[in-house]
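What follows is the content of upload-v8.cif, which has mmCIF, N, CA, C and O atoms:
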data_query
#
loop_
_atom_site.label_atom_id
_atom_site.label_comp_id
_atom_site.auth_asym_id
_atom_site.auth_seq_id
_atom_site.Cartn_x
_atom_site.Cartn_y
_atom_site.Cartn_z
N MET A 13 1.90 -15.66 -22.62
CA MET A 13 3.01 -14.78 -22.92
C MET A 13 4.19 -15.65 -23.39
O MET A 13 4.52 -16.65 -22.78
N VAL A 14 4.78 -15.22 -24.46
CA VAL A 14 5.92 -15.92 -25.05
C VAL A 14 7.21 -15.43 -24.37
O VAL A 14 7.36 -14.25 -24.09
N ASP A 15 8.12 -16.34 -24.09
CA ASP A 15 9.42 -15.94 -23.56
C ASP A 15 10.14 -15.07 -24.59
O ASP A 15 9.99 -15.29 -25.80
N PRO A 16 10.94 -14.10 -24.13
CA PRO A 16 11.60 -13.19 -25.07
C PRO A 16 12.41 -13.92 -26.15
O PRO A 16 12.37 -13.52 -27.33
N GLU A 17 13.11 -14.98 -25.76
CA GLU A 17 13.92 -15.67 -26.75
C GLU A 17 13.10 -16.42 -27.80
O GLU A 17 13.61 -16.80 -28.84
N ASP A 18 11.81 -16.61 -27.52
CA ASP A 18 10.93 -17.32 -28.45
C ASP A 18 10.08 -16.37 -29.30
O ASP A 18 9.32 -16.83 -30.15
N CYS A 19 10.19 -15.07 -29.08
CA CYS A 19 9.40 -14.11 -29.86
C CYS A 19 9.82 -14.12 -31.31
O CYS A 19 11.01 -14.14 -31.63
N ARG A 20 8.82 -14.09 -32.17
CA ARG A 20 9.07 -14.06 -33.62
C ARG A 20 8.46 -12.82 -34.26
O ARG A 20 8.76 -12.52 -35.41
N THR A 21 7.59 -12.13 -33.53
CA THR A 21 6.94 -10.94 -34.09
C THR A 21 6.97 -9.81 -33.06
O THR A 21 7.09 -10.06 -31.86
N MET A 22 6.81 -8.59 -33.56
CA MET A 22 6.73 -7.45 -32.66
C MET A 22 5.45 -7.51 -31.81
O MET A 22 5.44 -7.05 -30.68
N ALA A 23 4.41 -8.12 -32.33
CA ALA A 23 3.19 -8.27 -31.54
C ALA A 23 3.46 -9.12 -30.30
O ALA A 23 2.97 -8.81 -29.21
N GLU A 24 4.25 -10.17 -30.46
CA GLU A 24 4.61 -11.01 -29.31
C GLU A 24 5.48 -10.23 -28.32
O GLU A 24 5.28 -10.33 -27.11
N VAL A 25 6.44 -9.46 -28.83
CA VAL A 25 7.29 -8.63 -27.96
C VAL A 25 6.42 -7.66 -27.18
O VAL A 25 6.54 -7.54 -25.95
N ARG A 26 5.53 -6.95 -27.87
CA ARG A 26 4.69 -5.95 -27.21
C ARG A 26 3.74 -6.58 -26.19
O ARG A 26 3.53 -6.02 -25.12
N ALA A 27 3.20 -7.73 -26.52
CA ALA A 27 2.32 -8.42 -25.57
C ALA A 27 3.10 -8.82 -24.32
O ALA A 27 2.60 -8.69 -23.20
N GLY A 28 4.31 -9.28 -24.51
CA GLY A 28 5.14 -9.65 -23.37
C GLY A 28 5.49 -8.44 -22.50
O GLY A 28 5.40 -8.50 -21.27
N VAL A 29 5.85 -7.34 -23.14
CA VAL A 29 6.17 -6.12 -22.39
C VAL A 29 4.94 -5.62 -21.65
O VAL A 29 5.02 -5.25 -20.47
N ASP A 30 3.79 -5.62 -22.30
CA ASP A 30 2.55 -5.16 -21.64
C ASP A 30 2.21 -6.03 -20.44
O ASP A 30 1.82 -5.52 -19.38
N ALA A 31 2.37 -7.33 -20.57
CA ALA A 31 2.08 -8.24 -19.46
C ALA A 31 3.06 -7.99 -18.31
O ALA A 31 2.66 -7.97 -17.14
N LEU A 32 4.32 -7.80 -18.62
CA LEU A 32 5.30 -7.51 -17.58
C LEU A 32 5.03 -6.18 -16.90
O LEU A 32 5.18 -6.05 -15.68
N ASP A 33 4.63 -5.17 -17.69
CA ASP A 33 4.30 -3.87 -17.10
C ASP A 33 3.16 -3.99 -16.10
O ASP A 33 3.19 -3.38 -15.03
N GLU A 34 2.17 -4.78 -16.42
CA GLU A 34 1.06 -4.98 -15.48
C GLU A 34 1.57 -5.63 -14.20
O GLU A 34 1.23 -5.21 -13.09
N THR A 35 2.42 -6.63 -14.33
CA THR A 35 3.00 -7.28 -13.16
C THR A 35 3.85 -6.31 -12.35
O THR A 35 3.76 -6.28 -11.11
N LEU A 36 4.66 -5.51 -13.02
CA LEU A 36 5.51 -4.55 -12.32
C LEU A 36 4.69 -3.54 -11.53
O LEU A 36 5.00 -3.24 -10.37
N VAL A 37 3.62 -3.03 -12.12
CA VAL A 37 2.79 -2.05 -11.42
C VAL A 37 2.10 -2.70 -10.23
O VAL A 37 2.01 -2.10 -9.15
N LYS A 38 1.65 -3.93 -10.38
CA LYS A 38 1.05 -4.63 -9.25
C LYS A 38 2.07 -4.84 -8.13
O LYS A 38 1.75 -4.72 -6.95
N LEU A 39 3.30 -5.15 -8.50
CA LEU A 39 4.35 -5.31 -7.49
C LEU A 39 4.67 -3.99 -6.81
O LEU A 39 4.90 -3.94 -5.60
N LEU A 40 4.67 -2.90 -7.57
CA LEU A 40 4.88 -1.58 -6.97
C LEU A 40 3.75 -1.26 -5.99
O LEU A 40 3.99 -0.71 -4.92
N ALA A 41 2.53 -1.59 -6.36
CA ALA A 41 1.40 -1.36 -5.45
C ALA A 41 1.60 -2.14 -4.15
O ALA A 41 1.36 -1.62 -3.06
N ARG A 42 2.05 -3.36 -4.27
CA ARG A 42 2.33 -4.16 -3.06
C ARG A 42 3.46 -3.54 -2.25
O ARG A 42 3.39 -3.47 -1.01
N ARG A 43 4.49 -3.04 -2.91
CA ARG A 43 5.60 -2.38 -2.21
C ARG A 43 5.08 -1.17 -1.44
O ARG A 43 5.47 -0.94 -0.30
N PHE A 44 4.19 -0.40 -2.04
CA PHE A 44 3.65 0.77 -1.35
C PHE A 44 2.75 0.38 -0.19
O PHE A 44 2.65 1.13 0.79
N ARG A 45 2.12 -0.78 -0.26
CA ARG A 45 1.36 -1.25 0.90
C ARG A 45 2.30 -1.54 2.08
O ARG A 45 1.93 -1.35 3.24
N TYR A 46 3.53 -1.96 1.78
CA TYR A 46 4.53 -2.11 2.85
C TYR A 46 4.90 -0.75 3.43
O TYR A 46 5.17 -0.64 4.63
N MET A 47 4.88 0.29 2.61
CA MET A 47 5.13 1.64 3.13
C MET A 47 3.98 2.06 4.05
O MET A 47 4.20 2.72 5.07
N ASP A 48 2.76 1.67 3.70
CA ASP A 48 1.62 1.92 4.59
C ASP A 48 1.86 1.25 5.94
O ASP A 48 1.63 1.86 7.00
N ALA A 49 2.32 0.01 5.90
CA ALA A 49 2.58 -0.73 7.14
C ALA A 49 3.70 -0.07 7.93
O ALA A 49 3.60 0.07 9.16
N ALA A 50 4.74 0.37 7.25
CA ALA A 50 5.86 1.02 7.95
C ALA A 50 5.39 2.29 8.64
O ALA A 50 5.75 2.56 9.79
N ALA A 51 4.57 3.07 7.96
CA ALA A 51 4.04 4.31 8.55
C ALA A 51 3.19 4.02 9.77
O ALA A 51 3.19 4.78 10.74
N ARG A 52 2.49 2.90 9.74
CA ARG A 52 1.64 2.51 10.86
C ARG A 52 2.48 2.03 12.05
O ARG A 52 2.15 2.28 13.20
N ILE A 53 3.60 1.36 11.75
CA ILE A 53 4.41 0.72 12.78
C ILE A 53 5.40 1.68 13.44
O ILE A 53 5.62 1.61 14.65
N LYS A 54 6.00 2.56 12.67
CA LYS A 54 7.05 3.44 13.21
C LYS A 54 6.45 4.43 14.20
O LYS A 54 5.54 5.18 13.86
N PRO A 55 6.96 4.45 15.43
CA PRO A 55 6.37 5.32 16.44
C PRO A 55 6.73 6.81 16.27
O PRO A 55 6.00 7.67 16.75
N GLU A 56 7.84 7.10 15.58
CA GLU A 56 8.25 8.49 15.43
C GLU A 56 8.46 8.83 13.96
O GLU A 56 9.03 8.03 13.20
N ARG A 57 8.03 10.03 13.59
CA ARG A 57 8.14 10.49 12.21
C ARG A 57 9.59 10.50 11.74
O ARG A 57 9.88 10.19 10.58
N ALA A 58 10.52 10.84 12.61
CA ALA A 58 11.94 10.90 12.25
C ALA A 58 12.48 9.54 11.80
O ALA A 58 13.52 9.49 11.12
N GLN A 59 11.80 8.47 12.15
CA GLN A 59 12.25 7.13 11.76
C GLN A 59 11.93 6.80 10.31
O GLN A 59 12.44 5.82 9.77
N VAL A 60 11.08 7.62 9.68
CA VAL A 60 10.70 7.33 8.29
C VAL A 60 11.91 7.41 7.37
O VAL A 60 12.12 6.53 6.55
N ARG A 61 12.70 8.45 7.50
CA ARG A 61 13.89 8.57 6.66
C ARG A 61 15.05 7.86 7.35
O ARG A 61 15.45 8.23 8.45
N ASP A 62 15.58 6.84 6.68
CA ASP A 62 16.69 6.05 7.21
C ASP A 62 17.72 5.92 6.08
O ASP A 62 17.59 5.06 5.20
N GLU A 63 18.70 6.79 6.10
CA GLU A 63 19.68 6.84 5.01
C GLU A 63 20.48 5.55 4.87
O GLU A 63 20.81 5.14 3.76
N ALA A 64 20.78 4.89 5.99
CA ALA A 64 21.50 3.61 5.91
C ALA A 64 20.66 2.56 5.20
O ALA A 64 21.16 1.80 4.36
N ARG A 65 19.39 2.50 5.54
CA ARG A 65 18.49 1.54 4.88
C ARG A 65 18.33 1.87 3.40
O ARG A 65 18.34 0.99 2.55
N LYS A 66 18.20 3.17 3.10
CA LYS A 66 18.08 3.59 1.71
C LYS A 66 19.29 3.10 0.91
O LYS A 66 19.14 2.52 -0.17
N ALA A 67 20.48 3.33 1.43
CA ALA A 67 21.70 2.91 0.74
C ALA A 67 21.74 1.39 0.56
O ALA A 67 22.14 0.90 -0.50
N ALA A 68 21.29 0.67 1.56
CA ALA A 68 21.29 -0.80 1.49
C ALA A 68 20.31 -1.29 0.42
O ALA A 68 20.62 -2.23 -0.33
N VAL A 69 19.14 -0.67 0.35
CA VAL A 69 18.13 -1.07 -0.65
C VAL A 69 18.66 -0.83 -2.06
O VAL A 69 18.55 -1.70 -2.94
N ILE A 70 19.28 0.32 -2.27
CA ILE A 70 19.81 0.64 -3.60
C ILE A 70 20.97 -0.28 -3.95
O ILE A 70 21.06 -0.79 -5.08
N ALA A 71 21.84 -0.55 -3.00
CA ALA A 71 22.96 -1.46 -3.24
C ALA A 71 22.47 -2.87 -3.57
O ALA A 71 23.01 -3.54 -4.46
N HIS A 72 21.44 -3.30 -2.87
CA HIS A 72 20.88 -4.63 -3.12
C HIS A 72 20.29 -4.71 -4.52
O HIS A 72 20.53 -5.68 -5.26
N ALA A 73 19.53 -3.69 -4.91
CA ALA A 73 18.95 -3.66 -6.25
C ALA A 73 20.04 -3.64 -7.32
O ALA A 73 19.95 -4.34 -8.34
N ARG A 74 21.08 -2.89 -7.05
CA ARG A 74 22.20 -2.80 -7.99
C ARG A 74 22.88 -4.16 -8.13
O ARG A 74 23.23 -4.59 -9.25
N ALA A 75 23.07 -4.87 -7.04
CA ALA A 75 23.69 -6.21 -7.08
C ALA A 75 22.82 -7.18 -7.87
O ALA A 75 23.35 -8.00 -8.64
N ILE A 76 21.52 -7.11 -7.69
CA ILE A 76 20.62 -7.98 -8.46
C ILE A 76 20.74 -7.65 -9.94
O ILE A 76 20.80 -8.56 -10.79
N ALA A 77 20.78 -6.37 -10.27
CA ALA A 77 20.92 -5.96 -11.67
C ALA A 77 22.20 -6.52 -12.28
O ALA A 77 22.18 -7.05 -13.40
N GLU A 78 23.30 -6.40 -11.54
CA GLU A 78 24.57 -6.95 -12.04
C GLU A 78 24.46 -8.44 -12.28
O GLU A 78 24.90 -8.96 -13.31
N ARG A 79 23.85 -9.14 -11.32
CA ARG A 79 23.69 -10.59 -11.45
C ARG A 79 22.83 -10.96 -12.65
O ARG A 79 23.09 -11.95 -13.34
N GLU A 80 21.81 -10.14 -12.91
CA GLU A 80 20.87 -10.44 -13.99
C GLU A 80 21.30 -9.88 -15.35
O GLU A 80 20.63 -10.10 -16.35
N GLY A 81 22.41 -9.14 -15.35
CA GLY A 81 22.94 -8.64 -16.62
C GLY A 81 22.21 -7.44 -17.18
O GLY A 81 22.20 -7.24 -18.40
N VAL A 82 21.59 -6.65 -16.30
CA VAL A 82 20.96 -5.41 -16.76
C VAL A 82 21.78 -4.24 -16.24
O VAL A 82 22.54 -4.37 -15.27
N PRO A 83 21.66 -3.07 -16.87
CA PRO A 83 22.51 -1.92 -16.48
C PRO A 83 22.31 -1.54 -15.01
O PRO A 83 21.26 -1.02 -14.63
N ASP A 84 23.33 -1.79 -14.20
CA ASP A 84 23.20 -1.56 -12.77
C ASP A 84 23.10 -0.07 -12.44
O ASP A 84 22.41 0.30 -11.49
N ALA A 85 23.73 0.79 -13.22
CA ALA A 85 23.63 2.23 -12.95
C ALA A 85 22.19 2.70 -13.17
O ALA A 85 21.67 3.52 -12.40
N LEU A 86 21.54 2.18 -14.19
CA LEU A 86 20.14 2.53 -14.44
C LEU A 86 19.26 2.05 -13.30
O LEU A 86 18.40 2.78 -12.81
N VAL A 87 19.46 0.83 -12.86
CA VAL A 87 18.67 0.28 -11.76
C VAL A 87 18.89 1.10 -10.50
O VAL A 87 17.94 1.43 -9.78
N ALA A 88 20.13 1.48 -10.23
CA ALA A 88 20.42 2.31 -9.05
C ALA A 88 19.69 3.65 -9.16
O ALA A 88 19.12 4.13 -8.18
N GLU A 89 19.67 4.24 -10.34
CA GLU A 89 18.97 5.51 -10.56
C GLU A 89 17.47 5.35 -10.34
O GLU A 89 16.83 6.17 -9.69
N LEU A 90 16.90 4.28 -10.88
CA LEU A 90 15.47 4.01 -10.70
C LEU A 90 15.15 3.80 -9.22
O LEU A 90 14.14 4.30 -8.72
N TYR A 91 16.00 3.07 -8.54
CA TYR A 91 15.76 2.81 -7.12
C TYR A 91 15.95 4.05 -6.27
O TYR A 91 15.25 4.22 -5.26
N GLU A 92 16.85 4.93 -6.64
CA GLU A 92 16.98 6.21 -5.94
C GLU A 92 15.64 6.94 -5.98
O GLU A 92 15.13 7.41 -4.96
N ARG A 93 15.05 6.99 -7.16
CA ARG A 93 13.75 7.66 -7.33
C ARG A 93 12.65 6.92 -6.59
O ARG A 93 11.81 7.52 -5.92
N LEU A 94 12.64 5.60 -6.69
CA LEU A 94 11.63 4.79 -6.03
C LEU A 94 11.69 4.96 -4.51
O LEU A 94 10.67 5.15 -3.85
N VAL A 95 12.88 4.89 -3.96
CA VAL A 95 13.03 5.00 -2.51
C VAL A 95 12.65 6.40 -2.03
O VAL A 95 11.94 6.56 -1.03
N GLU A 96 13.08 7.43 -2.73
CA GLU A 96 12.70 8.79 -2.34
C GLU A 96 11.19 8.99 -2.42
O GLU A 96 10.58 9.60 -1.54
N THR A 97 10.57 8.45 -3.46
CA THR A 97 9.12 8.53 -3.58
C THR A 97 8.44 7.74 -2.47
O THR A 97 7.43 8.18 -1.91
N SER A 98 9.01 6.60 -2.13
CA SER A 98 8.46 5.78 -1.05
C SER A 98 8.55 6.51 0.29
O SER A 98 7.61 6.45 1.10
N ILE A 99 9.66 7.20 0.52
CA ILE A 99 9.81 7.96 1.76
C ILE A 99 8.77 9.07 1.83
O ILE A 99 8.11 9.25 2.86
N ALA A 100 8.59 9.80 0.73
CA ALA A 100 7.59 10.87 0.70
C ALA A 100 6.19 10.31 0.94
O ALA A 100 5.39 10.88 1.70
N TYR A 101 5.89 9.18 0.32
CA TYR A 101 4.60 8.52 0.50
C TYR A 101 4.40 8.11 1.95
O TYR A 101 3.35 8.34 2.55
N GLU A 102 5.44 7.49 2.52
CA GLU A 102 5.35 7.04 3.90
C GLU A 102 5.19 8.22 4.86
O GLU A 102 4.41 8.14 5.82
N LEU A 103 5.88 9.32 4.61
CA LEU A 103 5.71 10.51 5.44
C LEU A 103 4.26 11.01 5.37
O LEU A 103 3.69 11.38 6.40
N ASP A 104 3.70 11.03 4.19
CA ASP A 104 2.29 11.43 4.05
C ASP A 104 1.37 10.52 4.86
O ASP A 104 0.47 10.99 5.55
N ARG A 105 1.61 9.21 4.77
CA ARG A 105 0.78 8.27 5.52
C ARG A 105 0.98 8.46 7.02
O ARG A 105 0.05 8.39 7.79
N TRP A 106 2.24 8.67 7.43
CA TRP A 106 2.53 8.87 8.85
C TRP A 106 1.81 10.12 9.35
O TRP A 106 1.22 10.10 10.44
N ASN A 107 1.85 11.18 8.57
CA ASN A 107 1.18 12.43 8.96
C ASN A 107 -0.33 12.28 9.07
O ASN A 107 -0.97 13.00 9.85
N GLU A 108 -0.90 11.37 8.31
CA GLU A 108 -2.35 11.16 8.32
C GLU A 108 -2.83 10.47 9.59
O GLU A 108 -3.99 10.58 9.94
N ARG A 109 -1.95 9.74 10.27
CA ARG A 109 -2.41 8.98 11.42
C ARG A 109 -2.57 9.76 12.68
O ARG A 109 -2.52 10.79 12.98
#
I'd like the structure from this file rewritten - as C-alpha cells, please.
Amino acid sequence: MVDPEDCRTMAEVRAGVDALDETLVKLLARRFRYMDAAARIKPERAQVRDEARKAAVIAHARAIAEREGVPDALVAELYERLVETSIAYELDRWNER
C-alpha cells in the first residue's frame, strides 16, 4: 500500500482506501468482541448503558480527531452511532446469557 502523499494514480488511492477499510472492519470486529466480554462480565443488565462512559468515549474520539486534523464533529457523530450500536449489541449478548 502506498502512503497517501505518494499516490500518483487513482488506482493507488483506491487500493489504499480498500486496504484501510479492511483494517477498519477488522478493528470494529475486535471492538465488538470487547462488547461480548463486557456483556459476560457485567453482573447486571442496567450496567450495560453507562452515559458517563459513553460521553467519555465520544469526547476521547473527538480529541483524537482534532489532534489528527480530521473533522471532529463528524468523528463525534460516527462515535455516537458506534457507541449506541455497541450498547444495543451488548444488551443482546447480555440477554442471551
* State, in Å with one decimal place, the distance from atom C of Leu36 (chain A) to CA of Glu92 (chain A). => 16.7 Å
* Asked: atom N of Leu90 (chain A) and atom O of Met22 (chain A) are how many Å apart?
  ->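 These atoms are spaced 25.5 Å apart.
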* To do: Given the file shown, determine the residues that the PyMOL selection byres ((chain A and resi 45-55) around 6) selects; report them as a list in words.
  =>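 Matching residues under the PyMOL selection byres ((chain A and resi 45-55) around 6) are Leu40, Ala41, Arg42, Arg43, Phe44, Glu56, Arg57, Ser98, Glu102, Arg105 and Trp106 of chain A.
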* To do: List every residue of chain A that DSSP, applied to the backbone of this structure, assigns to alpha helix (DSSP H), and report them as a PyMOL selection string.
  => chain A and resi 22-53+63-80+84-108
* Mind checking which residues fall within 8 Å of Val25 (chain A), counting only N, CA, C and O atoms, ignoring those fewer than 5 positions away in the same chain, and posting them as a count of residues only? => 9
* Name the residues in contact with region 63-69 of chain A at a cut-off of 7 Å, using only N, CA, C and O atoms, excluding same-chain residues fewer than 5 positions from it; report them as a PyMOL selection string. => chain A and resi 74-75+91+95
Residues of the last selection are to be written out with N, CA, C and O atoms, as a JSON list (two decimals), keeping the file's coordinate frame.
[["chain", "number", "residue", "atom", "x", "y", "z"],
["A", 74, "ARG", "N", 21.08, -2.89, -7.05],
["A", 74, "ARG", "CA", 22.20, -2.80, -7.99],
["A", 74, "ARG", "C", 22.88, -4.16, -8.13],
["A", 74, "ARG", "O", 23.23, -4.59, -9.25],
["A", 75, "ALA", "N", 23.07, -4.87, -7.04],
["A", 75, "ALA", "CA", 23.69, -6.21, -7.08],
["A", 75, "ALA", "C", 22.82, -7.18, -7.87],
["A", 75, "ALA", "O", 23.35, -8.00, -8.64],
["A", 91, "TYR", "N", 16.00, 3.07, -8.54],
["A", 91, "TYR", "CA", 15.76, 2.81, -7.12],
["A", 91, "TYR", "C", 15.95, 4.05, -6.27],
["A", 91, "TYR", "O", 15.25, 4.22, -5.26],
["A", 95, "VAL", "N", 12.88, 4.89, -3.96],
["A", 95, "VAL", "CA", 13.03, 5.00, -2.51],
["A", 95, "VAL", "C", 12.65, 6.40, -2.03],
["A", 95, "VAL", "O", 11.94, 6.56, -1.03]]
* Please, what distance in Å, to one decimal, runs between atom N of Ile76 (chain A) and CA of Arg61 (chain A)? ->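 Separating atom N of Ile76 (chain A) from CA of Arg61 (chain A) is a distance of 22.6 Å.
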* Find the residue from A:Pro83, A:Ala23, A:Val60, A:Glu89 that sits nearest to Leu103 (chain A); use only N, CA, C and O atoms when measuring. =>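 Of A:Pro83, A:Ala23, A:Val60, A:Glu89, the one nearest Leu103 (chain A), counting only N, CA, C and O atoms, is A:Val60.
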